[in-house]
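Structure, as structure tokens:
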Amino acid sequence: MTTQRPTPISRHILIGVIIVLLATAAGIWSARLVLQRSGPQDELSATRFPVARAVQPFELVDHNNVAFNNASLQHRWSFMFFGYTYCPDVCPTTLSVLNSVAQRLQDLDVDVRFIMVTVDPERDTPERLAQFVTYFNGDFIGVTGTDEGLEQLTKQLGILHVRVQPEPGSDSYLMDHTAAVFLFDPDGRYHAVFSPPLSAEKIAGDFRKILQAYQ
Amino acid sequence: MIRIHKQLPAAIFFVMLCLLSPVMAAPAVDVEDPWIREAPPASTVLAAYMVIKNNGDTQYTITRIESPDFRDAQIHRTVVEDGVAKMMPVEQLPLPVHGSISFEPGGLHLMLFDPLRSLREGDEVKLVIHVSNGDSITVQAPVVRKRGEDDHAHHHH
Ligand SMILES: [Cu+2]
């Protein structure tokens, strides 16, 4: 038996082939890692920002007349919705969806809060808001404040709210308002947004994925 | 197919009924499953939902719905435009021939202003639906508590 020694040229080819194979394997491996990481994002129905956005200072009050500001968003996840209590259709429907989300997330060992910020601070006093939000869930939080305080928060989130249809001879009016639900992470940053039509199942499912990617 | 099967016994019954009483005619417009969403305490606006059916060959219009238990009632449609929810008053609501229109959360609703008595779950509210042919249909709408805790169970109203 004789073994033929590889010539210098064929040895170079062999080394070249091995390098190409290794590079390809490394490429596939790292690509799979990247895909795995971005996998949950691709399946989200929510819009999650690649980098969570800092929230500029705002000053409001909750339904117990306690200050509600940037610090209030720290150390817990916060779902936030903008509405008003003279709203019989969209707002109760959204709060019902959020209550269903709360039920679906009960097994999680994380602090999650649900907040309705009124876009009608003129009529929505803390007392009125307290009655409205706690009807749906005793842990829900209503937030109101001054027009300036409200603007500080809504402007940076791109929330629209317009007073419409003042009935002649009556002080009643309706509000057009952004219907989305906003999610803030425990660093108090704007993390994701859920656009209508809202589904409790989708919001709860998305939140679990967002939580996984965050930890 | 399933729907036809479900409706078949009702259809047979209806045909027999017609044969028994030739003078009887089906009402042109029917109102089904009316309900009012219970409001949180201190709320002064409520919403009613229902399905209005047009059984006839004529296109009717709902001109007005009123309730003696409220100061005012308006037909509204909730629309979401560019992410912004708005309630648009609906002056005339056409009912398609042999069709139906659903009032449901996040869409068409009867907006009820200023209840004249306290309304809690289990109470019934009279609604009067006025049709363009001059008919008016009176229904009793139960007040229903819906807060999202029972969404798993798929309750039907
Ligand atoms: Cu309305």
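As shown in the structure tokens, the chain order sets the letters A, B, ...; within each chain, residues go from 1, and ligands are also counted from 1 in the order they appear.
With only C-alpha atoms taken into account, chain B has Pro40, Val45, Leu46, Ala47, Gly83, Val84, Ala85, Lys86, Pro105, Gly106, Arg147, Gly148 and Glu149 of chain B at most 6 Å from chain A.
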Contacts of ligand 1, 6 Å or closer, only C-alpha atoms and all ligand atoms, given as a VMD selection string: chain B and resid 76 87 111
Residues just named, written with N, CA and C atoms as a CSV table (one decimal), in the first residue's frame:
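part-v5.csv was written with the following content:
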```csv
chain,number,residue,atom,x,y,z
B,76,HIS,N,-75.4,56.5,16.8
B,76,HIS,CA,-74.0,56.8,16.5
B,76,HIS,C,-73.3,55.7,15.8
B,87,MET,N,-67.1,59.3,17.2
B,87,MET,CA,-68.5,58.9,17.1
B,87,MET,C,-69.2,59.8,16.2
B,111,MET,N,-76.6,55.8,21.4
B,111,MET,CA,-76.1,56.5,22.5
B,111,MET,C,-77.2,57.1,23.3
```
Selection near Ile52 (chain B), 12 Å with only C-alpha atoms, sequence-local residues under 4 positions removed, as a ChimeraX atom specification: /B:27-34,60-62,65,93-104,108-109,129-131,137,139
Please dump the current selection as a short mmCIF file (atom, residue, chain, number, x, y, z; two decimals), in the first residue's frame; keep N, CA, C and O atoms.
```cif
data_model
loop_
_atom_site.label_atom_id
_atom_site.label_comp_id
_atom_site.auth_asym_id
_atom_site.auth_seq_id
_atom_site.Cartn_x
_atom_site.Cartn_y
_atom_site.Cartn_z
N PRO B 27 -93.88 40.78 10.32
CA PRO B 27 -93.57 42.20 10.44
C PRO B 27 -92.42 42.55 9.50
O PRO B 27 -91.52 41.76 9.30
N ALA B 28 -92.51 43.73 8.92
CA ALA B 28 -91.49 44.13 7.95
C ALA B 28 -90.13 44.24 8.61
O ALA B 28 -89.12 43.86 8.04
N VAL B 29 -90.14 44.75 9.84
CA VAL B 29 -88.86 44.97 10.52
C VAL B 29 -88.89 44.32 11.91
O VAL B 29 -89.88 44.43 12.62
N ASP B 30 -87.83 43.61 12.22
CA ASP B 30 -87.69 42.91 13.50
C ASP B 30 -86.50 43.47 14.27
O ASP B 30 -85.50 43.82 13.66
N VAL B 31 -86.61 43.49 15.59
CA VAL B 31 -85.45 43.88 16.41
C VAL B 31 -85.10 42.69 17.30
O VAL B 31 -85.96 42.17 18.00
N GLU B 32 -83.86 42.25 17.23
CA GLU B 32 -83.43 41.07 18.01
C GLU B 32 -82.27 41.42 18.94
O GLU B 32 -81.48 42.32 18.66
N ASP B 33 -82.16 40.64 20.01
CA ASP B 33 -81.06 40.74 20.98
C ASP B 33 -80.74 42.15 21.44
O ASP B 33 -79.57 42.54 21.48
N PRO B 34 -81.75 42.94 21.81
CA PRO B 34 -81.40 44.28 22.31
C PRO B 34 -80.77 44.17 23.70
O PRO B 34 -81.19 43.32 24.51
N TYR B 60 -86.30 49.84 3.92
CA TYR B 60 -86.78 50.77 4.93
C TYR B 60 -85.60 51.51 5.54
O TYR B 60 -84.45 51.13 5.37
N THR B 61 -85.93 52.55 6.27
CA THR B 61 -84.90 53.32 6.97
C THR B 61 -85.32 53.46 8.43
O THR B 61 -86.51 53.63 8.72
N ILE B 62 -84.35 53.34 9.32
CA ILE B 62 -84.62 53.64 10.73
C ILE B 62 -84.44 55.15 10.87
O ILE B 62 -83.38 55.69 10.58
N ILE B 65 -84.59 56.31 17.16
CA ILE B 65 -84.83 55.35 18.25
C ILE B 65 -84.90 56.17 19.53
O ILE B 65 -84.06 57.04 19.76
N LEU B 93 -80.78 55.54 8.91
CA LEU B 93 -80.08 54.26 8.84
C LEU B 93 -80.84 53.33 7.89
O LEU B 93 -81.86 52.77 8.25
N PRO B 94 -80.37 53.19 6.65
CA PRO B 94 -81.08 52.32 5.69
C PRO B 94 -80.94 50.85 6.07
O PRO B 94 -79.87 50.41 6.46
N LEU B 95 -82.06 50.13 5.96
CA LEU B 95 -82.06 48.68 6.23
C LEU B 95 -82.13 47.96 4.89
O LEU B 95 -83.13 48.07 4.19
N PRO B 96 -81.09 47.22 4.52
CA PRO B 96 -81.11 46.56 3.22
C PRO B 96 -82.26 45.55 3.13
O PRO B 96 -82.65 44.96 4.13
N VAL B 97 -82.78 45.37 1.93
CA VAL B 97 -83.86 44.43 1.67
C VAL B 97 -83.41 43.03 2.07
O VAL B 97 -82.31 42.60 1.70
N HIS B 98 -84.24 42.33 2.84
CA HIS B 98 -83.90 40.98 3.33
C HIS B 98 -82.51 40.95 3.96
O HIS B 98 -81.74 40.01 3.77
N GLY B 99 -82.20 42.00 4.68
CA GLY B 99 -80.89 42.06 5.32
C GLY B 99 -81.02 42.54 6.76
O GLY B 99 -82.13 42.75 7.26
N SER B 100 -79.92 42.68 7.42
CA SER B 100 -79.96 43.15 8.80
C SER B 100 -78.78 44.07 9.09
O SER B 100 -77.79 44.07 8.37
N ILE B 101 -78.95 44.85 10.15
CA ILE B 101 -77.90 45.77 10.58
C ILE B 101 -77.63 45.50 12.04
O ILE B 101 -78.56 45.39 12.84
N SER B 102 -76.35 45.33 12.38
CA SER B 102 -75.98 45.03 13.76
C SER B 102 -75.42 46.26 14.46
O SER B 102 -74.51 46.90 13.96
N PHE B 103 -75.99 46.54 15.62
CA PHE B 103 -75.40 47.52 16.53
C PHE B 103 -74.51 46.71 17.46
O PHE B 103 -74.99 45.79 18.13
N GLU B 104 -73.21 47.00 17.49
CA GLU B 104 -72.32 46.24 18.36
C GLU B 104 -71.18 47.11 18.87
O GLU B 104 -70.85 48.13 18.26
N LEU B 108 -71.80 50.54 15.34
CA LEU B 108 -73.07 51.24 15.51
C LEU B 108 -73.54 51.09 16.95
O LEU B 108 -73.43 50.00 17.53
N HIS B 109 -74.03 52.16 17.54
CA HIS B 109 -74.64 52.05 18.86
C HIS B 109 -75.70 53.12 19.03
O HIS B 109 -75.67 54.13 18.34
N ILE B 129 -88.24 51.86 18.31
CA ILE B 129 -87.51 52.00 17.05
C ILE B 129 -88.51 52.45 15.98
O ILE B 129 -89.50 51.76 15.71
N HIS B 130 -88.26 53.60 15.39
CA HIS B 130 -89.17 54.16 14.40
C HIS B 130 -88.67 53.86 12.99
O HIS B 130 -87.52 54.13 12.66
N VAL B 131 -89.58 53.29 12.17
CA VAL B 131 -89.24 52.89 10.80
C VAL B 131 -89.88 53.87 9.83
O VAL B 131 -90.94 54.44 10.12
N ILE B 137 -91.43 49.93 16.54
CA ILE B 137 -91.26 48.64 17.23
C ILE B 137 -90.78 48.93 18.64
O ILE B 137 -89.81 49.66 18.83
N VAL B 139 -89.24 47.42 22.11
CA VAL B 139 -88.57 46.25 22.70
C VAL B 139 -88.11 46.60 24.12
O VAL B 139 -87.94 47.77 24.47
#
```
Length of the CA of Met80 (chain A) to CA of Trp35 (chain B) vector [Å]: 28.7 Å
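From CA of Gln92 (chain B) back to CA of Thr58 (chain B), the distance works out to 15.5 Å.
Going from CA of Pro142 (chain B) to CA of Gly122 (chain B) covers 6.1 Å.
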Expected answer as a ChimeraX atom specification: alpha helix (DSSP H) residues in region 151-180 of chain A: /A:151-157
Quick one: write out the picked residues with N, CA, C and O atoms as a PDB file, in the first residue's frame?
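Output (selection-v4.pdb):
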```pdb
ATOM      1  N   GLU A 151     -50.899  67.702  27.925  1.00  0.00           N
ATOM      2  CA  GLU A 151     -50.170  67.965  26.683  1.00  0.00           C
ATOM      3  C   GLU A 151     -48.738  67.432  26.744  1.00  0.00           C
ATOM      4  O   GLU A 151     -48.215  66.910  25.765  1.00  0.00           O
ATOM      5  N   GLN A 152     -48.108  67.586  27.928  1.00  0.00           N
ATOM      6  CA  GLN A 152     -46.731  67.107  28.098  1.00  0.00           C
ATOM      7  C   GLN A 152     -46.635  65.627  27.725  1.00  0.00           C
ATOM      8  O   GLN A 152     -45.655  65.194  27.126  1.00  0.00           O
ATOM      9  N   LEU A 153     -47.650  64.862  28.098  1.00  0.00           N
ATOM     10  CA  LEU A 153     -47.617  63.426  27.826  1.00  0.00           C
ATOM     11  C   LEU A 153     -48.114  63.094  26.422  1.00  0.00           C
ATOM     12  O   LEU A 153     -47.487  62.320  25.693  1.00  0.00           O
ATOM     13  N   THR A 154     -49.251  63.696  26.020  1.00  0.00           N
ATOM     14  CA  THR A 154     -49.868  63.299  24.750  1.00  0.00           C
ATOM     15  C   THR A 154     -49.042  63.738  23.541  1.00  0.00           C
ATOM     16  O   THR A 154     -48.963  62.999  22.563  1.00  0.00           O
ATOM     17  N   LYS A 155     -48.411  64.910  23.622  1.00  0.00           N
ATOM     18  CA  LYS A 155     -47.648  65.409  22.469  1.00  0.00           C
ATOM     19  C   LYS A 155     -46.536  64.455  22.093  1.00  0.00           C
ATOM     20  O   LYS A 155     -46.353  64.112  20.933  1.00  0.00           O
ATOM     21  N   GLN A 156     -45.782  64.002  23.103  1.00  0.00           N
ATOM     22  CA  GLN A 156     -44.634  63.146  22.803  1.00  0.00           C
ATOM     23  C   GLN A 156     -45.047  61.749  22.352  1.00  0.00           C
ATOM     24  O   GLN A 156     -44.282  61.061  21.692  1.00  0.00           O
ATOM     25  N   LEU A 157     -46.283  61.337  22.699  1.00  0.00           N
ATOM     26  CA  LEU A 157     -46.751  60.021  22.267  1.00  0.00           C
ATOM     27  C   LEU A 157     -47.547  60.103  20.962  1.00  0.00           C
ATOM     28  O   LEU A 157     -47.953  59.089  20.410  1.00  0.00           O
TER      29      LEU A 157
END
```
